[in-house]
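Working notes for the structure below.
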Amino acid sequence: MKQFSFSRLIFITCLVFLSSCGDKAQNNFDNVQIFEPARILSPFELTNNQHTNLTLDSLKNHWSIIFLGYTYCPDICPTTLADLARVYPDLKQANQDLQVVFISADPQRDNIKQLDQYIRFFHPEFIAATAQHPKLLPFTRELGLIYSLAGEGDNYLVNHSASLVIVDPEGRLRARVKPDMKVQPAKIDYQQLVSVVQFLSK
């Protein structure tokens, strides 16, 4: 009887182990940080390229992929937005309520007209928004995205995070997708991004 009980215990333990391994495998993404539990975001108010407010309520009822940059960015911003436009049909297929939001960390030069022309070049459905730094900085910090101004005069640069963040329809931070630093130039795996959206949408 003792031998039977011990064997049964081993069997149950193996089942639990295999089950947990299966769950882990589902969530085994490279360079992706899934937030469990999801992180609640504070209210914020930016201005978007349609001259309306982008707020926490604007993110609700959508899955939002948010990227921080600026329109004068020489490399990573246009490349990232072009890649997002390329994979956008697959992202919409993964979740039809998905939206892409570009946040400018350069409100001094990126006025609403500039933002509108810039973002429409990549995709007419993409959203762009900005705000003065006292409003912008707390929001980007909550997303885990950072930026800083470098240089003087009109040709200054903006150093900024290259990650994408995903916010769920309840306005909660759910994931941060980082570039793969093992490849040069470092780049986000956009097919994996589609899989992340599918995984989170379940």
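Going by the structure tokens order, chains are called A, B, ..., each with residues numbered from 1, while ligands are numbered from 1 in the order shown.
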
Name all residues at most 9 Å from Glu170 in chain A (count only C-alpha atoms; drop same-chain ones fewer than 6 positions away) and give them as a CSV table (one decimal) with N, CA and C atoms, in the first residue's frame.
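Final output, selection_24.csv:
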```csv
chain,number,residue,atom,x,y,z
A,40,ILE,N,-0.9,48.9,-13.3
A,40,ILE,CA,-1.9,49.9,-13.5
A,40,ILE,C,-1.2,51.3,-13.8
A,57,ASP,N,-8.1,56.9,-21.0
A,57,ASP,CA,-9.3,56.4,-21.5
A,57,ASP,C,-9.2,56.1,-23.0
A,59,LEU,N,-6.7,54.7,-24.4
A,59,LEU,CA,-6.1,53.4,-24.6
A,59,LEU,C,-7.0,52.3,-24.2
A,60,LYS,N,-8.1,52.6,-23.5
A,60,LYS,CA,-9.0,51.5,-23.0
A,60,LYS,C,-9.8,51.0,-24.2
A,61,ASN,N,-10.2,49.8,-24.2
A,61,ASN,CA,-10.9,49.1,-25.2
A,61,ASN,C,-10.0,48.8,-26.5
A,62,HIS,N,-8.7,49.0,-26.3
A,62,HIS,CA,-7.8,48.7,-27.4
A,62,HIS,C,-6.6,48.0,-26.8
A,63,TRP,N,-5.9,47.2,-27.6
A,63,TRP,CA,-4.5,46.8,-27.3
A,63,TRP,C,-3.7,47.8,-27.9
```

Problem set entry | Spatial neighbours of Phe35 in chain A, max dist 8 Å, only C-alpha atoms, sep filter under 2 positions, as a ChimeraX atom specification | /A:33,37-39,173-175

Selected residues written out, N, CA and C atoms, as a short mmCIF file (atom, residue, chain, number, x, y, z; two decimals), in the first residue's frame:
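Written out: part.cif:
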```cif
data_model
loop_
_atom_site.label_atom_id
_atom_site.label_comp_id
_atom_site.auth_asym_id
_atom_site.auth_seq_id
_atom_site.Cartn_x
_atom_site.Cartn_y
_atom_site.Cartn_z
N GLN A 33 9.48 41.12 -21.68
CA GLN A 33 9.15 41.13 -20.26
C GLN A 33 7.63 41.20 -20.13
N PRO A 37 1.59 40.57 -11.88
CA PRO A 37 0.34 41.10 -12.46
C PRO A 37 0.60 42.32 -13.35
N ALA A 38 -0.40 42.64 -14.15
CA ALA A 38 -0.30 43.82 -15.01
C ALA A 38 -0.17 45.07 -14.15
N ARG A 39 0.53 46.07 -14.68
CA ARG A 39 0.78 47.30 -13.95
C ARG A 39 -0.25 48.38 -14.31
N LEU A 173 -0.27 48.22 -18.15
CA LEU A 173 0.97 47.81 -18.82
C LEU A 173 1.12 46.30 -18.72
N ARG A 174 1.20 45.63 -19.89
CA ARG A 174 1.26 44.18 -19.89
C ARG A 174 2.59 43.60 -20.33
N ALA A 175 3.33 44.32 -21.18
CA ALA A 175 4.59 43.75 -21.67
C ALA A 175 5.52 44.84 -22.19
#
```

Exercise. Out of A:Ile188, A:Val158, A:Val177, A:Leu200, which residue has the shortest atom-to-atom distance to Cys73 in chain A when counting only C-alpha atoms?
Worked result: A:Val158

For this session: Would you mind writing down, as a VMD selection string, each residue of range 13-123 of chain A that DSSP on the backbone assigns to alpha helix (DSSP H)?
Result: chain A and resid 13 to 26 56 to 59 76 to 94 112 to 122

Problem set entry | Neighbour list for Val32 in chain A as a list in words, cut-off 10 Å, only C-alpha atoms, skip fewer than 5 positions in-chain |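 The contact residues come out as Asn27, Ser163, Leu164, Val165, Ala175, Arg176, Val177, Lys178, Pro179, Asp180, Ile188, Asp189, Gln192, Leu193 and Val196 of chain A.
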
Would you mind listing, for every residue of range 88-200 of chain A within 6 Å of range 44-52 of chain A, the two atoms forming the shortest contact and the distance between them in Å to one decimal, using only C-alpha atoms, sorted by chain and ascending residue number, as a tab-separated table?
```
residue	atom	partner	partner_atom	distance
A:Ile112	CA	A:Asn49	CA	5.2
A:Leu115	CA	A:Asn49	CA	5.8
A:Asp116	CA	A:Asn49	CA	4.8
A:Ala128	CA	A:Asn49	CA	5.4
A:Ala129	CA	A:Asn48	CA	3.9
A:Thr130	CA	A:Leu46	CA	5.4
A:Ala131	CA	A:Leu46	CA	5.0
```

Once you have the residues from the selection above, write them out as a JSON list (two decimals), in the first residue's frame, restricted to all heavy atoms.
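Saved as result.json:
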```json
[["chain", "number", "residue", "atom", "x", "y", "z"],
["A", 112, "ILE", "N", 1.93, 69.54, -33.69],
["A", 112, "ILE", "CA", 0.89, 68.62, -34.13],
["A", 112, "ILE", "C", 0.91, 68.41, -35.64],
["A", 112, "ILE", "O", 0.75, 67.29, -36.14],
["A", 112, "ILE", "CB", -0.50, 69.11, -33.67],
["A", 112, "ILE", "CG1", -0.54, 69.21, -32.13],
["A", 112, "ILE", "CG2", -1.60, 68.15, -34.14],
["A", 112, "ILE", "CD1", -0.11, 67.94, -31.41],
["A", 115, "LEU", "N", 3.81, 66.13, -36.44],
["A", 115, "LEU", "CA", 3.50, 64.75, -36.04],
["A", 115, "LEU", "C", 2.53, 64.09, -37.01],
["A", 115, "LEU", "O", 2.69, 62.92, -37.35],
["A", 115, "LEU", "CB", 2.90, 64.74, -34.63],
["A", 115, "LEU", "CG", 3.87, 64.86, -33.46],
["A", 115, "LEU", "CD1", 3.09, 64.91, -32.14],
["A", 115, "LEU", "CD2", 4.87, 63.71, -33.45],
["A", 116, "ASP", "N", 1.52, 64.85, -37.44],
["A", 116, "ASP", "CA", 0.52, 64.28, -38.33],
["A", 116, "ASP", "C", 1.13, 63.88, -39.67],
["A", 116, "ASP", "O", 0.88, 62.78, -40.19],
["A", 116, "ASP", "CB", -0.62, 65.29, -38.54],
["A", 116, "ASP", "CG", -1.81, 64.67, -39.26],
["A", 116, "ASP", "OD1", -2.32, 63.63, -38.79],
["A", 116, "ASP", "OD2", -2.22, 65.21, -40.29],
["A", 128, "ALA", "N", -0.05, 59.52, -33.31],
["A", 128, "ALA", "CA", 1.13, 60.19, -32.75],
["A", 128, "ALA", "C", 0.67, 61.21, -31.72],
["A", 128, "ALA", "O", -0.38, 61.84, -31.88],
["A", 128, "ALA", "CB", 1.94, 60.87, -33.84],
["A", 129, "ALA", "N", 1.45, 61.38, -30.67],
["A", 129, "ALA", "CA", 1.06, 62.31, -29.61],
["A", 129, "ALA", "C", 2.30, 62.82, -28.89],
["A", 129, "ALA", "O", 3.36, 62.19, -28.93],
["A", 129, "ALA", "CB", 0.11, 61.64, -28.63],
["A", 130, "THR", "N", 2.14, 63.95, -28.22],
["A", 130, "THR", "CA", 3.22, 64.50, -27.40],
["A", 130, "THR", "C", 2.62, 65.42, -26.36],
["A", 130, "THR", "O", 1.41, 65.67, -26.34],
["A", 130, "THR", "CB", 4.26, 65.24, -28.28],
["A", 130, "THR", "OG1", 5.42, 65.50, -27.51],
["A", 130, "THR", "CG2", 3.70, 66.55, -28.82],
["A", 131, "ALA", "N", 3.49, 65.94, -25.51],
["A", 131, "ALA", "CA", 3.10, 66.93, -24.49],
["A", 131, "ALA", "C", 4.38, 67.57, -23.98],
["A", 131, "ALA", "O", 5.49, 67.08, -24.25],
["A", 131, "ALA", "CB", 2.34, 66.27, -23.35]]
```

Problem set entry | Pick from A:Leu98, A:Cys77, A:Leu54, A:Ile65 nearest to Leu143 in chain A, counting only C-alpha atoms |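 Comparing A:Leu98, A:Cys77, A:Leu54, A:Ile65 against Leu143 in chain A, the winner is A:Ile65.
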